[in-house]
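input.txt (compact mmCIF, C-alpha atoms)
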```
# COMPACT_ATOMS: atom_id res chain seq x y z
CA MET C 12 -5.89 -97.24 -35.13
CA LEU C 13 -8.59 -99.85 -34.50
CA MET C 14 -8.24 -101.46 -31.13
CA SER C 15 -6.48 -100.04 -28.11
CA ARG C 16 -3.04 -98.51 -28.29
CA PHE C 17 0.09 -97.94 -30.28
CA HIS C 18 3.33 -97.23 -28.49
CA PRO C 19 6.32 -97.08 -30.77
CA PHE C 20 8.53 -98.67 -28.96
CA PRO C 21 3.05 -96.34 -6.59
CA LEU C 22 2.65 -98.26 -4.15
CA LEU C 23 2.44 -95.40 -1.96
CA THR C 24 3.63 -96.08 1.43
CA LEU C 25 3.99 -98.55 4.19
CA PHE C 26 0.77 -97.00 5.47
CA PHE C 27 -2.11 -97.65 3.07
CA SER C 28 -5.26 -95.85 4.13
CA SER C 29 -7.85 -98.09 5.74
CA PHE C 30 -10.26 -97.96 2.84
CA ALA C 31 -7.63 -98.72 0.22
CA LEU C 32 -6.36 -101.61 2.32
CA GLY C 33 -9.87 -103.02 2.56
CA PHE C 34 -9.70 -103.94 -1.11
CA ALA C 35 -5.99 -104.72 -1.40
CA ALA C 36 -5.05 -108.10 -2.83
CA GLU C 37 -4.27 -110.73 -0.24
CA GLY C 38 -0.56 -110.91 0.44
CA ALA C 39 0.22 -107.54 -1.18
CA PRO C 40 3.81 -106.51 -0.43
CA ALA C 41 4.48 -103.44 1.66
CA ALA C 42 4.99 -100.32 -0.40
CA THR C 43 8.32 -98.52 -0.20
CA ALA C 44 7.76 -95.36 -2.23
CA PRO C 45 7.50 -92.03 -0.40
CA ALA C 46 4.07 -90.74 0.51
CA ASN C 47 2.58 -87.58 -0.94
CA PRO C 48 1.22 -85.04 1.56
CA ALA C 49 -2.28 -85.32 0.06
CA GLY C 50 -2.54 -88.97 1.12
CA PHE C 51 -3.39 -90.14 -2.39
CA ALA C 52 -2.30 -93.76 -1.89
CA ILE C 53 -2.29 -96.09 -4.91
CA HIS C 54 -0.85 -99.51 -5.55
CA ARG C 55 -2.68 -101.69 -8.09
CA GLY C 56 -5.08 -100.30 -10.68
CA THR C 57 -6.66 -100.73 -14.08
CA ASN C 58 -7.60 -98.39 -16.95
CA LEU C 59 -11.24 -97.63 -17.79
CA SER C 60 -10.55 -97.42 -21.52
CA HIS C 61 -12.81 -97.11 -24.57
CA TRP C 62 -15.48 -95.23 -22.67
CA LEU C 63 -14.85 -91.50 -22.23
CA SER C 64 -11.74 -91.87 -24.38
CA GLN C 65 -11.03 -93.82 -27.57
CA ASP C 66 -14.68 -94.79 -27.81
CA PHE C 67 -14.93 -97.04 -30.87
CA GLY C 68 -18.65 -97.63 -30.44
CA TRP C 69 -18.25 -101.20 -29.27
CA ALA C 70 -21.19 -100.70 -26.91
CA PRO C 71 -23.38 -97.80 -25.75
CA ARG C 72 -21.50 -95.72 -23.19
CA THR C 73 -24.19 -96.32 -20.62
CA GLU C 74 -23.47 -100.05 -20.90
CA TRP C 75 -19.69 -100.26 -21.43
CA ILE C 76 -18.85 -99.13 -17.88
CA THR C 77 -21.47 -99.35 -15.14
CA GLU C 78 -21.49 -99.25 -11.36
CA ASN C 79 -21.32 -103.04 -11.34
CA ASP C 80 -18.03 -102.87 -13.23
CA ILE C 81 -16.59 -100.55 -10.60
CA ARG C 82 -17.79 -102.84 -7.82
CA TYR C 83 -16.16 -105.79 -9.56
CA ILE C 84 -12.86 -103.92 -9.97
CA ALA C 85 -12.82 -103.22 -6.23
CA SER C 86 -13.74 -106.79 -5.30
CA ALA C 87 -11.02 -108.17 -7.59
CA GLY C 88 -8.33 -106.45 -5.52
CA PHE C 89 -7.62 -103.20 -7.35
CA ASP C 90 -7.38 -100.03 -5.26
CA HIS C 91 -7.66 -97.40 -8.00
CA VAL C 92 -8.65 -96.77 -11.59
CA ARG C 93 -7.08 -94.57 -14.22
CA LEU C 94 -9.91 -92.85 -16.08
CA PRO C 95 -8.91 -91.53 -19.53
CA VAL C 96 -11.04 -88.73 -21.00
CA ASP C 97 -10.84 -87.15 -24.46
CA GLU C 98 -11.65 -83.62 -25.50
CA ILE C 99 -13.79 -84.91 -28.38
CA VAL C 100 -15.93 -86.82 -25.87
CA LEU C 101 -16.34 -84.19 -23.13
CA TRP C 102 -16.51 -81.12 -25.38
CA LYS C 103 -18.44 -80.57 -28.58
CA GLU C 104 -16.89 -79.25 -31.78
CA ASP C 105 -17.95 -75.69 -30.89
CA GLY C 106 -16.10 -75.93 -27.57
CA SER C 107 -19.16 -76.21 -25.37
CA PRO C 108 -19.24 -79.02 -22.80
CA ASP C 109 -21.15 -82.18 -23.64
CA GLU C 110 -23.19 -82.36 -20.46
CA THR C 111 -24.27 -85.94 -21.16
CA ALA C 112 -20.65 -87.07 -21.21
CA PHE C 113 -19.80 -84.98 -18.15
CA ALA C 114 -22.75 -86.54 -16.33
CA LEU C 115 -21.26 -89.98 -17.03
CA LEU C 116 -17.94 -88.78 -15.62
CA GLU C 117 -19.62 -87.49 -12.48
CA SER C 118 -21.56 -90.74 -12.10
CA ALA C 119 -18.37 -92.75 -12.44
CA LEU C 120 -16.65 -90.69 -9.77
CA GLY C 121 -19.56 -91.38 -7.46
CA TRP C 122 -19.37 -95.12 -8.13
CA ILE C 123 -15.60 -95.12 -7.62
CA LYS C 124 -15.87 -93.29 -4.32
CA ALA C 125 -18.66 -95.59 -3.11
CA ALA C 126 -16.48 -98.61 -3.94
CA LYS C 127 -13.65 -97.13 -1.83
CA LEU C 128 -11.33 -96.83 -4.80
CA ARG C 129 -9.24 -93.88 -5.89
CA VAL C 130 -9.11 -92.37 -9.36
CA ILE C 131 -6.69 -90.62 -11.71
CA VAL C 132 -8.50 -88.46 -14.26
CA ASP C 133 -6.26 -88.53 -17.32
CA LEU C 134 -6.68 -86.03 -20.17
CA HIS C 135 -5.90 -88.66 -22.77
CA SER C 136 -6.12 -86.74 -26.02
CA VAL C 137 -7.13 -83.27 -27.21
CA ARG C 138 -8.01 -82.04 -30.65
CA ALA C 139 -4.55 -80.50 -31.04
CA HIS C 140 -2.67 -83.60 -29.87
CA HIS C 141 -3.05 -87.36 -30.19
CA PHE C 142 -0.32 -89.76 -29.11
CA ASN C 143 -0.74 -91.83 -32.29
CA ALA C 144 -1.22 -89.00 -34.78
CA SER C 145 1.79 -90.00 -36.87
CA ASN C 146 0.33 -93.47 -37.44
CA GLU C 147 -3.20 -92.31 -38.13
CA GLY C 148 -2.54 -89.61 -40.71
CA GLY C 149 -3.06 -86.83 -38.19
CA HIS C 150 -0.99 -83.80 -37.32
CA ASN C 151 -0.39 -82.39 -33.86
CA THR C 152 -0.50 -78.61 -33.58
CA LEU C 153 -0.22 -78.32 -29.80
CA TRP C 154 3.52 -77.72 -29.84
CA THR C 155 3.52 -75.00 -32.51
CA ASP C 156 0.23 -73.13 -32.08
CA PRO C 157 -0.02 -70.73 -29.11
CA LYS C 158 -3.82 -70.71 -29.43
CA ALA C 159 -3.88 -74.51 -29.11
CA GLN C 160 -1.80 -74.24 -25.94
CA GLU C 161 -4.14 -71.62 -24.47
CA HIS C 162 -7.07 -73.85 -25.33
CA PHE C 163 -5.34 -76.79 -23.60
CA LEU C 164 -4.98 -74.69 -20.44
CA ASP C 165 -8.63 -73.69 -20.71
CA LEU C 166 -9.65 -77.35 -20.77
CA TRP C 167 -7.90 -77.76 -17.44
CA ARG C 168 -9.58 -74.63 -16.11
CA GLN C 169 -12.91 -76.23 -16.91
CA LEU C 170 -11.96 -79.65 -15.56
CA SER C 171 -10.64 -78.13 -12.35
CA ALA C 172 -13.80 -76.07 -11.89
CA ARG C 173 -15.87 -79.27 -12.03
CA LEU C 174 -13.57 -81.62 -10.14
CA ARG C 175 -11.95 -79.52 -7.41
CA LYS C 176 -14.82 -80.42 -5.08
CA TYR C 177 -13.46 -83.97 -4.78
CA PRO C 178 -11.02 -84.70 -1.93
CA ASN C 179 -7.30 -84.66 -2.70
CA ASP C 180 -6.86 -88.14 -1.21
CA PHE C 181 -9.48 -89.54 -3.60
CA LEU C 182 -8.83 -87.95 -7.02
CA ALA C 183 -5.65 -87.00 -8.88
CA TYR C 184 -5.05 -85.34 -12.26
CA GLU C 185 -2.85 -86.54 -15.11
CA ILE C 186 -2.11 -83.43 -17.18
CA MET C 187 -1.85 -85.26 -20.50
CA ASN C 188 -1.31 -88.76 -21.79
CA GLU C 189 1.81 -89.58 -23.80
CA PRO C 190 3.04 -86.25 -25.20
CA THR C 191 4.98 -86.53 -28.46
CA ALA C 192 6.75 -83.21 -28.91
CA ASP C 193 9.76 -83.19 -31.25
CA ASP C 194 11.57 -81.14 -28.62
CA PRO C 195 11.07 -82.32 -25.01
CA GLU C 196 11.40 -78.70 -23.89
CA ASP C 197 8.04 -77.96 -25.54
CA TRP C 198 6.40 -80.47 -23.20
CA ASN C 199 8.37 -79.14 -20.23
CA LYS C 200 7.07 -75.63 -20.94
CA LEU C 201 3.48 -76.81 -21.14
CA VAL C 202 3.88 -78.81 -17.93
CA THR C 203 5.19 -75.68 -16.17
CA ARG C 204 2.24 -73.60 -17.32
CA SER C 205 -0.32 -76.28 -16.53
CA LEU C 206 1.08 -76.91 -13.07
CA ALA C 207 1.19 -73.19 -12.33
CA PHE C 208 -2.51 -72.88 -13.09
CA ILE C 209 -3.56 -75.98 -11.15
CA ARG C 210 -1.49 -75.01 -8.14
CA SER C 211 -3.05 -71.55 -8.16
CA VAL C 212 -6.50 -73.04 -7.57
CA GLU C 213 -5.74 -76.50 -6.14
CA PRO C 214 -2.47 -76.35 -4.22
CA GLY C 215 -2.96 -79.79 -2.65
CA ARG C 216 -4.04 -81.81 -5.69
CA VAL C 217 -1.83 -84.74 -6.68
CA ILE C 218 -0.58 -84.41 -10.26
CA VAL C 219 0.63 -87.36 -12.33
CA LEU C 220 3.43 -86.36 -14.71
CA GLY C 221 4.88 -88.43 -17.51
CA ALA C 222 7.77 -87.70 -19.83
CA ASN C 223 7.78 -86.77 -23.49
CA MET C 224 7.68 -89.49 -26.18
CA TRP C 225 4.88 -91.75 -25.00
CA GLN C 226 6.04 -91.63 -21.38
CA ILE C 227 8.72 -94.22 -22.04
CA PRO C 228 11.03 -94.69 -19.04
CA GLN C 229 14.13 -93.65 -20.99
CA MET C 230 12.77 -90.11 -21.33
CA LEU C 231 11.86 -89.47 -17.70
CA PRO C 232 15.28 -87.92 -16.89
CA LYS C 233 14.45 -85.17 -19.41
CA LEU C 234 11.22 -84.20 -17.63
CA LYS C 235 11.61 -80.99 -15.64
CA VAL C 236 9.87 -81.41 -12.29
CA PRO C 237 9.39 -78.43 -9.96
CA ALA C 238 11.51 -78.65 -6.83
CA GLY C 239 9.77 -79.10 -3.52
CA ASP C 240 6.37 -80.20 -4.86
CA LYS C 241 5.74 -83.55 -3.20
CA ASN C 242 2.17 -83.86 -4.48
CA ILE C 243 3.53 -85.20 -7.77
CA ILE C 244 3.62 -88.80 -8.96
CA LEU C 245 6.02 -89.60 -11.80
CA SER C 246 4.57 -91.78 -14.51
CA MET C 247 6.00 -94.11 -17.12
CA HIS C 248 4.33 -96.35 -19.70
CA THR C 249 5.87 -99.49 -21.14
CA TYR C 250 4.97 -101.90 -23.89
CA ALA C 251 8.49 -103.15 -24.43
CA PRO C 252 9.33 -105.32 -26.24
CA LEU C 253 6.81 -104.17 -28.82
CA LEU C 254 7.24 -107.17 -31.11
CA LEU C 255 5.93 -109.32 -28.26
CA THR C 256 3.27 -107.14 -26.62
CA HIS C 257 1.72 -105.94 -29.91
CA HIS C 258 1.99 -109.23 -31.81
CA LYS C 259 -0.30 -109.00 -34.88
CA ALA C 260 -1.84 -105.71 -33.69
CA SER C 261 -3.77 -104.18 -36.56
CA TRP C 262 -2.83 -100.56 -35.78
CA VAL C 263 0.98 -100.76 -35.71
CA ASP C 264 3.68 -100.66 -38.36
CA PRO C 265 3.31 -103.45 -40.95
CA VAL C 266 6.60 -105.04 -39.93
CA ILE C 267 4.98 -105.90 -36.60
CA ARG C 268 1.39 -106.20 -37.77
CA ASP C 269 2.15 -108.58 -40.63
CA TYR C 270 4.72 -110.76 -38.85
CA PRO C 271 2.90 -114.08 -38.28
CA GLY C 272 5.19 -115.30 -35.52
CA PRO C 273 6.34 -117.12 -33.61
CA VAL C 274 7.14 -114.90 -30.66
CA ALA C 275 8.43 -116.05 -27.29
CA TYR C 276 8.95 -114.96 -23.69
CA PRO C 277 11.10 -115.33 -21.63
CA GLY C 278 14.29 -115.16 -23.69
CA PRO C 279 14.66 -113.69 -27.19
CA ILE C 280 11.36 -112.64 -28.74
CA VAL C 281 12.57 -113.91 -32.13
CA ASP C 282 15.69 -115.71 -33.29
CA THR C 283 18.54 -113.86 -34.97
CA ALA C 284 17.62 -114.95 -38.50
CA THR C 285 14.05 -113.69 -38.13
CA TYR C 286 15.31 -110.46 -36.58
CA ALA C 287 17.62 -109.82 -39.54
CA LYS C 288 14.73 -110.16 -41.97
CA LEU C 289 12.55 -107.80 -39.93
CA VAL C 290 15.08 -105.01 -39.49
CA ALA C 291 15.87 -105.10 -43.20
CA ALA C 292 12.24 -104.15 -43.85
CA TYR C 293 11.87 -101.66 -40.99
CA PRO C 294 12.45 -97.94 -41.67
CA LYS C 295 14.89 -96.35 -39.25
CA ASP C 296 13.33 -93.65 -37.13
CA LYS C 297 14.08 -91.85 -33.91
CA TYR C 298 13.88 -95.19 -32.10
CA ASP C 299 14.43 -98.64 -33.51
CA PHE C 300 11.74 -100.54 -31.69
CA LEU C 301 12.94 -103.91 -32.90
CA ALA C 302 16.48 -103.43 -31.59
CA SER C 303 15.87 -105.40 -28.39
CA SER C 304 13.96 -108.28 -29.94
CA THR C 305 16.87 -110.71 -29.63
CA ASP C 306 17.73 -109.70 -26.06
CA ASN C 307 17.34 -112.27 -23.32
CA TRP C 308 14.08 -110.92 -21.91
CA SER C 309 13.58 -111.74 -18.25
CA PRO C 310 12.81 -109.88 -15.02
CA GLU C 311 16.38 -108.60 -15.06
CA ARG C 312 16.03 -107.26 -18.62
CA LEU C 313 12.69 -105.67 -17.77
CA ARG C 314 14.28 -103.99 -14.75
CA GLN C 315 17.03 -102.65 -17.02
CA GLU C 316 14.36 -101.14 -19.30
CA TYR C 317 12.85 -99.17 -16.42
CA GLU C 318 16.11 -98.14 -14.72
CA PRO C 319 16.14 -94.52 -16.02
CA ALA C 320 12.68 -93.92 -14.54
CA ILE C 321 13.46 -95.73 -11.28
CA ALA C 322 16.65 -93.72 -10.81
CA ARG C 323 14.90 -90.41 -11.58
CA ALA C 324 12.13 -91.10 -9.07
CA LYS C 325 14.68 -91.96 -6.40
CA GLU C 326 16.65 -88.81 -7.18
CA LEU C 327 13.55 -86.63 -6.73
CA GLY C 328 12.09 -88.58 -3.81
CA LEU C 329 8.81 -89.09 -5.66
CA GLN C 330 6.58 -92.07 -6.23
CA LEU C 331 6.89 -93.87 -9.57
CA TYR C 332 3.82 -95.21 -11.34
CA CYS C 333 3.40 -97.31 -14.47
CA GLY C 334 0.08 -96.05 -15.79
CA GLU C 335 -0.03 -98.40 -18.79
CA PHE C 336 1.37 -101.77 -19.75
CA GLY C 337 -0.09 -104.80 -21.48
CA CYS C 338 0.36 -107.75 -23.80
CA LEU C 339 -2.17 -108.88 -26.41
CA PRO C 340 -3.89 -112.28 -26.33
CA THR C 341 -2.45 -113.00 -29.79
CA VAL C 342 0.73 -113.89 -27.89
CA PRO C 343 0.97 -117.59 -26.87
CA ARG C 344 -0.84 -118.05 -23.60
CA ALA C 345 2.08 -119.24 -21.46
CA ALA C 346 4.35 -116.48 -22.73
CA ARG C 347 1.72 -113.83 -22.13
CA LEU C 348 1.06 -114.88 -18.55
CA ALA C 349 4.79 -115.15 -17.83
CA TYR C 350 5.28 -111.61 -19.13
CA TYR C 351 2.54 -110.22 -16.89
CA ARG C 352 3.83 -112.07 -13.85
CA ASP C 353 7.40 -110.90 -14.42
CA ILE C 354 6.58 -107.27 -15.21
CA VAL C 355 4.40 -106.81 -12.14
CA GLY C 356 7.02 -108.56 -10.05
CA VAL C 357 9.58 -106.00 -11.19
CA PHE C 358 7.21 -103.11 -10.49
CA GLU C 359 6.50 -104.29 -6.98
CA ALA C 360 10.10 -105.15 -6.18
CA ASN C 361 10.97 -101.55 -7.02
CA GLY C 362 8.15 -99.85 -5.14
CA MET C 363 6.14 -98.88 -8.22
CA ALA C 364 2.38 -98.60 -8.40
CA TRP C 365 0.73 -99.71 -11.63
CA ALA C 366 -2.44 -99.75 -13.71
CA ASN C 367 -2.69 -102.35 -16.45
CA TRP C 368 -4.03 -101.43 -19.86
CA GLU C 369 -6.92 -102.25 -19.52
CA TYR C 370 -10.16 -103.34 -17.84
CA LYS C 371 -12.20 -104.03 -21.00
CA GLY C 372 -10.73 -104.37 -24.49
CA ASP C 373 -8.28 -106.52 -26.40
CA PHE C 374 -5.62 -106.07 -23.67
CA GLY C 375 -8.25 -106.44 -20.96
CA ILE C 376 -8.65 -108.53 -17.84
CA GLU C 377 -11.83 -109.92 -19.37
CA GLU C 378 -11.41 -112.62 -21.98
CA TRP C 379 -11.30 -111.07 -25.45
CA HIS C 380 -13.27 -112.82 -28.18
CA GLY C 381 -13.17 -110.09 -30.82
CA LEU C 382 -15.65 -107.44 -31.82
CA LYS C 383 -18.52 -109.86 -32.31
CA SER C 384 -18.34 -111.20 -28.78
CA PHE C 385 -15.86 -109.21 -26.74
CA ALA C 386 -17.55 -109.30 -23.32
CA GLY C 387 -16.02 -112.44 -21.90
CA ALA C 388 -15.61 -113.73 -18.36
CA PRO C 389 -12.83 -112.44 -16.14
CA ASP C 390 -9.49 -113.98 -17.06
CA VAL C 391 -8.67 -115.58 -13.71
CA GLN C 392 -5.17 -116.65 -14.72
CA LEU C 393 -4.33 -113.14 -15.87
CA LEU C 394 -5.64 -111.69 -12.61
CA ASP C 395 -3.53 -114.21 -10.69
CA ALA C 396 -0.47 -113.07 -12.63
CA LEU C 397 -1.23 -109.41 -11.96
CA PHE C 398 -1.75 -109.99 -8.26
CA GLN C 399 1.25 -112.32 -7.98
CA ARG C 400 -0.83 -115.20 -6.67
```
Output the structure of this file as C-alpha cells.
Amino acid sequence: MLMSRFHPFPLLTLFFSSFALGFAAEGAPAATAPANPAGFAIHRGTNLSHWLSQDFGWAPRTEWITENDIRYIASAGFDHVRLPVDEIVLWKEDGSPDETAFALLESALGWIKAAKLRVIVDLHSVRAHHFNASNEGGHNTLWTDPKAQEHFLDLWRQLSARLRKYPNDFLAYEIMNEPTADDPEDWNKLVTRSLAFIRSVEPGRVIVLGANMWQIPQMLPKLKVPAGDKNIILSMHTYAPLLLTHHKASWVDPVIRDYPGPVAYPGPIVDTATYAKLVAAYPKDKYDFLASSTDNWSPERLRQEYEPAIARAKELGLQLYCGEFGCLPTVPRAARLAYYRDIVGVFEANGMAWANWEYKGDFGIEEWHGLKSFAGAPDVQLLDALFQR
C-alpha cells in the first residue's frame, strides 16, 4: 500500500454541549441519535491520518500535524477528530513504549482540548493485525495466536493507564480499526474481552465499536454488542462503490488500479459493456466489489448500502457513526463533489455522525498535488460539500 487506504469493497443529540456547538458548522441540522450517558457528543469530524498511524514519511511528524492544524480544523466547523495510532509507532520492536511518539500523542490531546474539540483514539493497526494484510503480503496472527490476543489486551492496558485521566466527555476509545477475521465470532470474542477490561477500569468511557470485515455496514448485524451499555457508539466505514472512490488508486487490485476510466456519479459508475470486461478479469472472492458498479448510484442507493447498519443502531438504541469515507481526486471533479454532498446528506438525514478520511493526504480536505507538493490550500468546494453549504 502506498497512499491512504484499501477497503475491499453521530450526531449525538438535540443537545450539543456548548463547546461543541461553538464550532459547529452554520446551519447544522439537529441531531436525532440517542445520547450516551458520558456526554461524548460528536457530529462532524476528520481523521488525523499519516501521523501516528500509516506514517509514510511524507513529512517529519513534528510538522505533519501541529497545533495550528488543530485550530484550523476547529475553525473550519468540525467538532471532533478521529486520531489513528499504530502499535509500530507508539511501541518499539522490543515492546517498550516510544516515549517520543507518546509525547506527540499527549501534545495532540492538549491541542484538541484547547480547541474545544473531542477526540476518538483509534488503535488502527497492531503487529498481529493489519486491515490490508492480504493485499500487502502480510499475515494476520491475531485471530489464531492466544499470545497475540493477550498482547493486544496489554496494549489497551497501557493506553488506558495513560489516557484514563482525560474526561469521558472529551475522549473516546475505538478498540480496533477494521478487523478482518475469517470468522466474525473471533472478533466478537476479542471485543468481549477488551470491553470487559476497559469497563473494569473505566466504566464510563465511550467505546466505538465496528463490525468485522473492514467495518462495512452489511456486517454490523453480526457484531455482538453487550446489552445495557449505552456508552457505546456503533461504527461503520464505507468506500462504496469502490470503482468510483478508489479510481486509479495504486494500492488496490489491478482491475481497479489499472482501469483508466471513465467513471461517473451519479448513476452507473461504468456502462454495462465496461463492467462485463472488468468482471471477466476480476477473481471472485468473499465479496465481489464490482457487483454494484452498474447500479444507479444516488442518495437513495447510498442509503440502501447503509441500511443494515442504520437498522442495527436503531434496534440497539445506539448512535451510529461513519468513521471513514472518501473519494480520490482522480475522480472527475463534479462527480467527486456530488458524491461527497450526497453521502453526507444521507448520513445527516439518518442521524449519523461522521469523520471523513482524511485531513491531510490524497483523500484530504487540503488540495492534493502528489508527493512532491502535497501540502495544498484547503479545498473550499469540498468543505462546502461536507458541510452541506
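In this comparison, which uses only C-alpha atoms, the residue of C:Leu128, C:Cys333, C:Ile280, C:Leu164 approaching Gln226 in chain C most closely is C:Cys333.
Residues in contact with Leu134 in chain C at 10 Å, where all atoms listed in the file are counted and same-chain residues fewer than 2 positions away are skipped, are listed as Ser64, Leu94, Pro95, Val96, Asp97, Glu98, Ile131, Val132, Ser136, Val137, Phe163, Leu166, Trp167, Leu170, Tyr184, Glu185, Ile186, Met187, Asn188 and Glu189 of chain C.
Of the listed residues (C:Glu316, C:Asp133, C:Glu74, C:Glu326), C:Glu326 comes nearest to Ala238 in chain C; the distances count only C-alpha atoms.
If only C-alpha atoms are the atoms counted, then among C:Leu348, C:Val130, C:Leu234, C:Leu59 the closest residue to Leu397 in chain C is C:Leu348.
We find CA of Val274 in chain C and CA of His258 in chain C to be spaced 7.7 Å apart.
The nearest approach to Val219 in chain C among the residues C:Thr285, C:Thr155, C:Ser205, C:Thr341, with only C-alpha atoms taken into account, belongs to C:Ser205.
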Which residues are close to Pro271 in chain C, i.e. within 12 Å by only C-alpha atoms, leaving aside same-chain residues fewer than 6 positions away? Reply as a list in words. Leu254, Leu255, His257, His258, Lys259, Ala260, Pro265, Val281, Thr285, Leu289, Thr341 and Val342 of chain C
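Distance-wise, CA of Thr77 in chain C and CA of Val100 in chain C end up 17.4 Å apart.
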Long-range neighbours of Ala172 in chain C as a ChimeraX atom specification, 12 Å cut-off, all atoms listed in the file, 3 positions minimum in chain: /C:165-169,175-177,208-209,212-213
Could you save those same residues with C-alpha atoms as a compact mmCIF listing (two decimals), keeping the file's coordinate frame?
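What ended up in again-v1.txt:
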```
# COMPACT_ATOMS: atom_id res chain seq x y z
CA ASP C 165 -8.63 -73.69 -20.71
CA LEU C 166 -9.65 -77.35 -20.77
CA TRP C 167 -7.90 -77.76 -17.44
CA ARG C 168 -9.58 -74.63 -16.11
CA GLN C 169 -12.91 -76.23 -16.91
CA ARG C 175 -11.95 -79.52 -7.41
CA LYS C 176 -14.82 -80.42 -5.08
CA TYR C 177 -13.46 -83.97 -4.78
CA PHE C 208 -2.51 -72.88 -13.09
CA ILE C 209 -3.56 -75.98 -11.15
CA VAL C 212 -6.50 -73.04 -7.57
CA GLU C 213 -5.74 -76.50 -6.14
```
Nearest to Ala346 in chain C among C:Asn79, C:Thr73, C:Ser309, C:Asn223, with distances taken over all atoms listed in the file: which residue is it? C:Ser309
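Distance-wise, CA of Leu182 in chain C and CA of Arg93 in chain C end up 9.9 Å apart.
With distances taken over all atoms listed in the file, C:Leu116 is the one residue among C:Leu301, C:Met224, C:Leu116, C:Val236 lying closest to Arg173 in chain C.
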